[in-house]
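Q: Right, I'll just put the structure down here and ask away after.
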Amino acid sequence: MKNSILFLGLILLSHNGISQKVGAADTLRFAADTSYSRIVVRYKKDWLLFGTSKTGVIAFNEKNKSRRTLVTPVKGGEFRDIAIHEDTIYAILSGDNGIVYKGNLESFAPVFRENGIFLDDISIWENELVILGDPVDGNFFLRKKGPESLIFNEVGQKIASEPNEGCYAASGTCAQFLSPETYFFVSGGDTSARFHYVDLWSKRTLSVKLPMKTGEGAGPFSLFFWDLLHGVVVGGDYRKSTEATQNACYTADGGKTWKASEVFPNGYRSCVTGNKKILFSCGTTGIDYSKDGGETWYFLMKGNFCALLLEKKTLYATSNKGYCLRLKVKNSSKGSKSSTIVQKK
């Protein structure tokens with residue numbers, strides 16, 4: 001496959017004075033065509049780490065295009081999330097058993113294992129870790145590892161689950177460790193779509209219903225807060241990927257109340273990321289963006305994408321074919337509501 005994909009022409013999408021231009025996009029080949037990357041994170045200056053469905057944990061060097069397999073594939077599981085602290089890498093295996101691996105570019109070893117647990121997320125604040133798994137005995141599986149601890153201990157708070165409710169590990173973004181005491185996650189199921197807040201320093205918790213689609217395979221898949229008050233959630237029904245309704249909402253009070261987006265993303269969305277100025281969400285029908293905190297979403301480009309990483313002015317989007325799209329985000333004129341996506345050199 002060629003090292004870049006060229007979109008013929010220059011596509012301009014404009015809604016209410018807000019526009020995005022799509023030119024050409026770099027592609028980073030990190031695995032075989034059959035491998036789906038569930039997560040992409042930055043490691044040091046030149047490395048990107050990918051947690052994949054069939055090729056283990058892959059390190060890709062953007063500078064020299066080299067690849068390393070850090071953890072080989074494990075039967076009955078996929079690597080769906082990665083967390084970084086300084087030189088240390090943590091990766092979770094989601095599947096028949098829940099396993100946390102710890103290592104670096106040279107070596108890896110399992111440091112946690114729980115048979116029969118499906119892990120959904122690993123989040124980090126400085127050098128503290130929280131892992132989230134689907135419910136066990138009526139409560140969501142939550143474990144925390146402190147900076148001086150060698151083991152993952154139970155979180156003191158219990159978050160009760162509703163019937164047939166769980167978390168979606170589609171892109172390793174169903175939870176966020178936002179401050180030393182603030183931990184958020186989302187869950188969904190047959191009749192539920194919920195946001196949860198856990199105060200890790202006290203016994204305080206909060207669970208709130210979200211104005212999102214419910215049902216088997218439906219609900220909230222990903223959340224992103226850019227401060228303690230403002231955040232967004234995206235999702236939908238992965239079995240009905242083009243259905244663009246009840247698949248996004250936003251909050252301005254730390255998750256106490258939520259409003260459905262006025263204009264929804266263009267279908268099911270597995271991941272959302274961004275900053276206070278711009279948000280991006282992706283899924284199996286493409287990528288959308290929002291410049292008003294998730295109230296309105298606009299379609300950016302088609303494609304089958306799973307996970308996102310936004311760094312300064314570069315957006316990375318993983319695909320289902322073993323490559324990652326790399327887009328350069330450049331603001332146009334000062335004071336303008338438009339921005340341009342141009343080729344990454």
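Scheme for the structure tokens: letters A, B, ... for chains in order shown; per-chain residue numbers from 1; ligand numbers from 1 in order shown.
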Can I get the residues of segment 170-272 of chain A within 9 Å of segment 37-54 of chain A, each with the closest pair of atoms and their distance in Å to one decimal, using only C-alpha atoms, sorted chain first then ascending number, as JSON lines?
A:
{"residue": "A:Ala170", "atom": "CA", "partner": "A:Arg38", "partner_atom": "CA", "distance": 6.2}
{"residue": "A:Ser171", "atom": "CA", "partner": "A:Arg38", "partner_atom": "CA", "distance": 4.7}
{"residue": "A:Gly172", "atom": "CA", "partner": "A:Ile39", "partner_atom": "CA", "distance": 6.1}
{"residue": "A:Thr173", "atom": "CA", "partner": "A:Ile39", "partner_atom": "CA", "distance": 8.5}
Q: Using only C-alpha atoms, which residues sit within 7 Å of segment 313-324 of chain A once same-chain residues fewer than 5 positions away are excluded, as number ranges by chain?
A: A: 27-37, 304-308, 329-330
Q: Next, the residues of the selection above should be written as an mmCIF file, in the first residue's frame with N, CA, C and O atoms.
A:
data_model
loop_
_atom_site.group_PDB
_atom_site.id
_atom_site.type_symbol
_atom_site.label_atom_id
_atom_site.label_comp_id
_atom_site.auth_asym_id
_atom_site.auth_seq_id
_atom_site.Cartn_x
_atom_site.Cartn_y
_atom_site.Cartn_z
ATOM 1 N N THR A 27 -0.596 8.037 5.888
ATOM 2 C CA THR A 27 -1.001 6.791 6.523
ATOM 3 C C THR A 27 0.221 6.109 7.111
ATOM 4 O O THR A 27 1.279 6.042 6.485
ATOM 5 N N LEU A 28 0.083 5.624 8.336
ATOM 6 C CA LEU A 28 1.155 4.924 9.029
ATOM 7 C C LEU A 28 0.793 3.449 9.093
ATOM 8 O O LEU A 28 -0.180 3.075 9.743
ATOM 9 N N ARG A 29 1.553 2.614 8.423
ATOM 10 C CA ARG A 29 1.285 1.179 8.407
ATOM 11 C C ARG A 29 1.950 0.526 9.611
ATOM 12 O O ARG A 29 3.161 0.429 9.698
ATOM 13 N N PHE A 30 1.131 0.064 10.581
ATOM 14 C CA PHE A 30 1.700 -0.500 11.801
ATOM 15 C C PHE A 30 1.440 -1.989 11.958
ATOM 16 O O PHE A 30 2.024 -2.630 12.819
ATOM 17 N N ALA A 31 0.527 -2.563 11.142
ATOM 18 C CA ALA A 31 0.206 -3.985 11.273
ATOM 19 C C ALA A 31 -0.406 -4.490 9.967
ATOM 20 O O ALA A 31 -0.608 -3.722 9.021
ATOM 21 N N ALA A 32 -0.723 -5.781 9.953
ATOM 22 C CA ALA A 32 -1.311 -6.385 8.761
ATOM 23 C C ALA A 32 -2.732 -5.890 8.540
ATOM 24 O O ALA A 32 -3.365 -5.330 9.432
ATOM 25 N N ASP A 33 -3.240 -6.115 7.323
ATOM 26 C CA ASP A 33 -4.576 -5.654 6.952
ATOM 27 C C ASP A 33 -5.665 -6.169 7.882
ATOM 28 O O ASP A 33 -6.702 -5.529 8.049
ATOM 29 N N THR A 34 -5.459 -7.326 8.468
ATOM 30 C CA THR A 34 -6.506 -7.956 9.273
ATOM 31 C C THR A 34 -6.565 -7.430 10.707
ATOM 32 O O THR A 34 -7.458 -7.817 11.461
ATOM 33 N N SER A 35 -5.645 -6.541 11.078
ATOM 34 C CA SER A 35 -5.560 -6.111 12.470
ATOM 35 C C SER A 35 -6.278 -4.785 12.686
ATOM 36 O O SER A 35 -6.117 -3.831 11.928
ATOM 37 N N TYR A 36 -7.043 -4.738 13.749
ATOM 38 C CA TYR A 36 -7.827 -3.562 14.122
ATOM 39 C C TYR A 36 -7.188 -2.956 15.362
ATOM 40 O O TYR A 36 -7.009 -3.638 16.371
ATOM 41 N N SER A 37 -6.836 -1.681 15.323
ATOM 42 C CA SER A 37 -6.248 -1.038 16.492
ATOM 43 C C SER A 37 -7.330 -0.424 17.357
ATOM 44 O O SER A 37 -8.094 0.429 16.914
ATOM 45 N N ASN A 304 -13.566 3.923 7.988
ATOM 46 C CA ASN A 304 -13.857 3.009 9.088
ATOM 47 C C ASN A 304 -12.768 3.183 10.139
ATOM 48 O O ASN A 304 -11.655 2.689 9.981
ATOM 49 N N PHE A 305 -13.083 3.917 11.208
ATOM 50 C CA PHE A 305 -12.093 4.254 12.224
ATOM 51 C C PHE A 305 -12.551 3.787 13.600
ATOM 52 O O PHE A 305 -13.735 3.646 13.859
ATOM 53 N N CYS A 306 -11.567 3.582 14.489
ATOM 54 C CA CYS A 306 -11.876 3.049 15.812
ATOM 55 C C CYS A 306 -11.436 3.973 16.943
ATOM 56 O O CYS A 306 -12.205 4.266 17.844
ATOM 57 N N ALA A 307 -10.185 4.445 16.909
ATOM 58 C CA ALA A 307 -9.631 5.218 18.019
ATOM 59 C C ALA A 307 -8.944 6.475 17.509
ATOM 60 O O ALA A 307 -8.483 6.531 16.361
ATOM 61 N N LEU A 308 -8.862 7.495 18.383
ATOM 62 C CA LEU A 308 -8.283 8.783 18.028
ATOM 63 C C LEU A 308 -7.224 9.210 19.027
ATOM 64 O O LEU A 308 -7.280 8.855 20.202
ATOM 65 N N VAL A 329 -4.006 19.380 11.703
ATOM 66 C CA VAL A 329 -5.076 20.321 11.993
ATOM 67 C C VAL A 329 -4.449 21.702 12.111
ATOM 68 O O VAL A 329 -3.581 21.927 12.952
ATOM 69 N N LYS A 330 -4.893 22.614 11.277
ATOM 70 C CA LYS A 330 -4.322 23.956 11.261
ATOM 71 C C LYS A 330 -5.425 24.986 11.290
ATOM 72 O O LYS A 330 -6.298 25.004 10.425
#
Q: Using only C-alpha atoms, find the one residue out of A:Pro163, A:Gly217, A:Gly138, A:Gly231 that sits nearest to Thr191 of chain A.
A: A:Pro163
Q: Considering only C-alpha atoms, can you say which of A:Phe140, A:Phe152, A:Tyr90, A:Phe177 comes closest to Glu126 of chain A?
A: A:Phe177
Q: Kindly give the distance, in Å, that separates atom CA of Lys277 of chain A and atom CA of Leu223 of chain A, rounded to a single decimal.
A: 16.3 Å
Q: Taking only C-alpha atoms into account, name the residue in A:Ala160, A:Leu119, A:Cys167, A:Cys271 that is nearest to Ile92 of chain A.
A: A:Leu119
Q: A:Ile287, A:Ile278, A:Ile99, A:Ile58: which is nearest Lys312 of chain A, counting only C-alpha atoms?
A: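 Checking each of A:Ile287, A:Ile278, A:Ile99, A:Ile58 against Lys312 of chain A, counting only C-alpha atoms, the winner is A:Ile278.
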Q: Hey, can you check how far atom CA of Ala175 of chain A sits from atom CA of Ser222 of chain A?
A: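 Value for the atom CA of Ala175 of chain A-atom CA of Ser222 of chain A distance: 7.4 Å.
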Q: Under the rule that only C-alpha atoms are counted, which of A:Glu216, A:Asp292, A:Glu148, A:Asp237 is the nearest residue to Thr251 of chain A?
A: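 Closest to Thr251 of chain A, using only C-alpha atoms: A:Asp292.
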Q: Quick one: pull the distance between atom CA of Lys240 of chain A and atom CA of Ala218 of chain A, Å, one decimal.
A: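 Between atom CA of Lys240 of chain A and atom CA of Ala218 of chain A the gap works out to 9.1 Å.
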Q: Which polymer residues have any atom within 6 Å of an atom of Leu132 of chain A, counting only C-alpha atoms, with same-chain residues fewer than 4 positions away left out, as a ChimeraX atom specification?
A: /A:119-121,141-142
Q: Write a file of the selected residues as a PDB file, in the first residue's frame, keeping N, CA and C atoms.
A:
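Dumped everything to out.pdb:
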ATOM      1  N   LEU A 119     -11.972  -6.829  31.000  1.00  0.00           N
ATOM      2  CA  LEU A 119     -11.494  -5.483  31.301  1.00  0.00           C
ATOM      3  C   LEU A 119     -11.850  -4.521  30.174  1.00  0.00           C
ATOM      4  N   ASP A 120     -12.303  -3.329  30.556  1.00  0.00           N
ATOM      5  CA  ASP A 120     -12.749  -2.336  29.585  1.00  0.00           C
ATOM      6  C   ASP A 120     -11.811  -1.152  29.443  1.00  0.00           C
ATOM      7  N   ASP A 121     -11.070  -0.827  30.510  1.00  0.00           N
ATOM      8  CA  ASP A 121     -10.299   0.416  30.471  1.00  0.00           C
ATOM      9  C   ASP A 121      -9.210   0.394  31.538  1.00  0.00           C
ATOM     10  N   PHE A 141     -16.538  -3.818  38.128  1.00  0.00           N
ATOM     11  CA  PHE A 141     -15.220  -4.244  38.582  1.00  0.00           C
ATOM     12  C   PHE A 141     -14.273  -3.040  38.544  1.00  0.00           C
ATOM     13  N   LEU A 142     -13.830  -2.589  39.722  1.00  0.00           N
ATOM     14  CA  LEU A 142     -12.937  -1.441  39.826  1.00  0.00           C
ATOM     15  C   LEU A 142     -11.768  -1.787  40.740  1.00  0.00           C
TER      16      LEU A 142
END
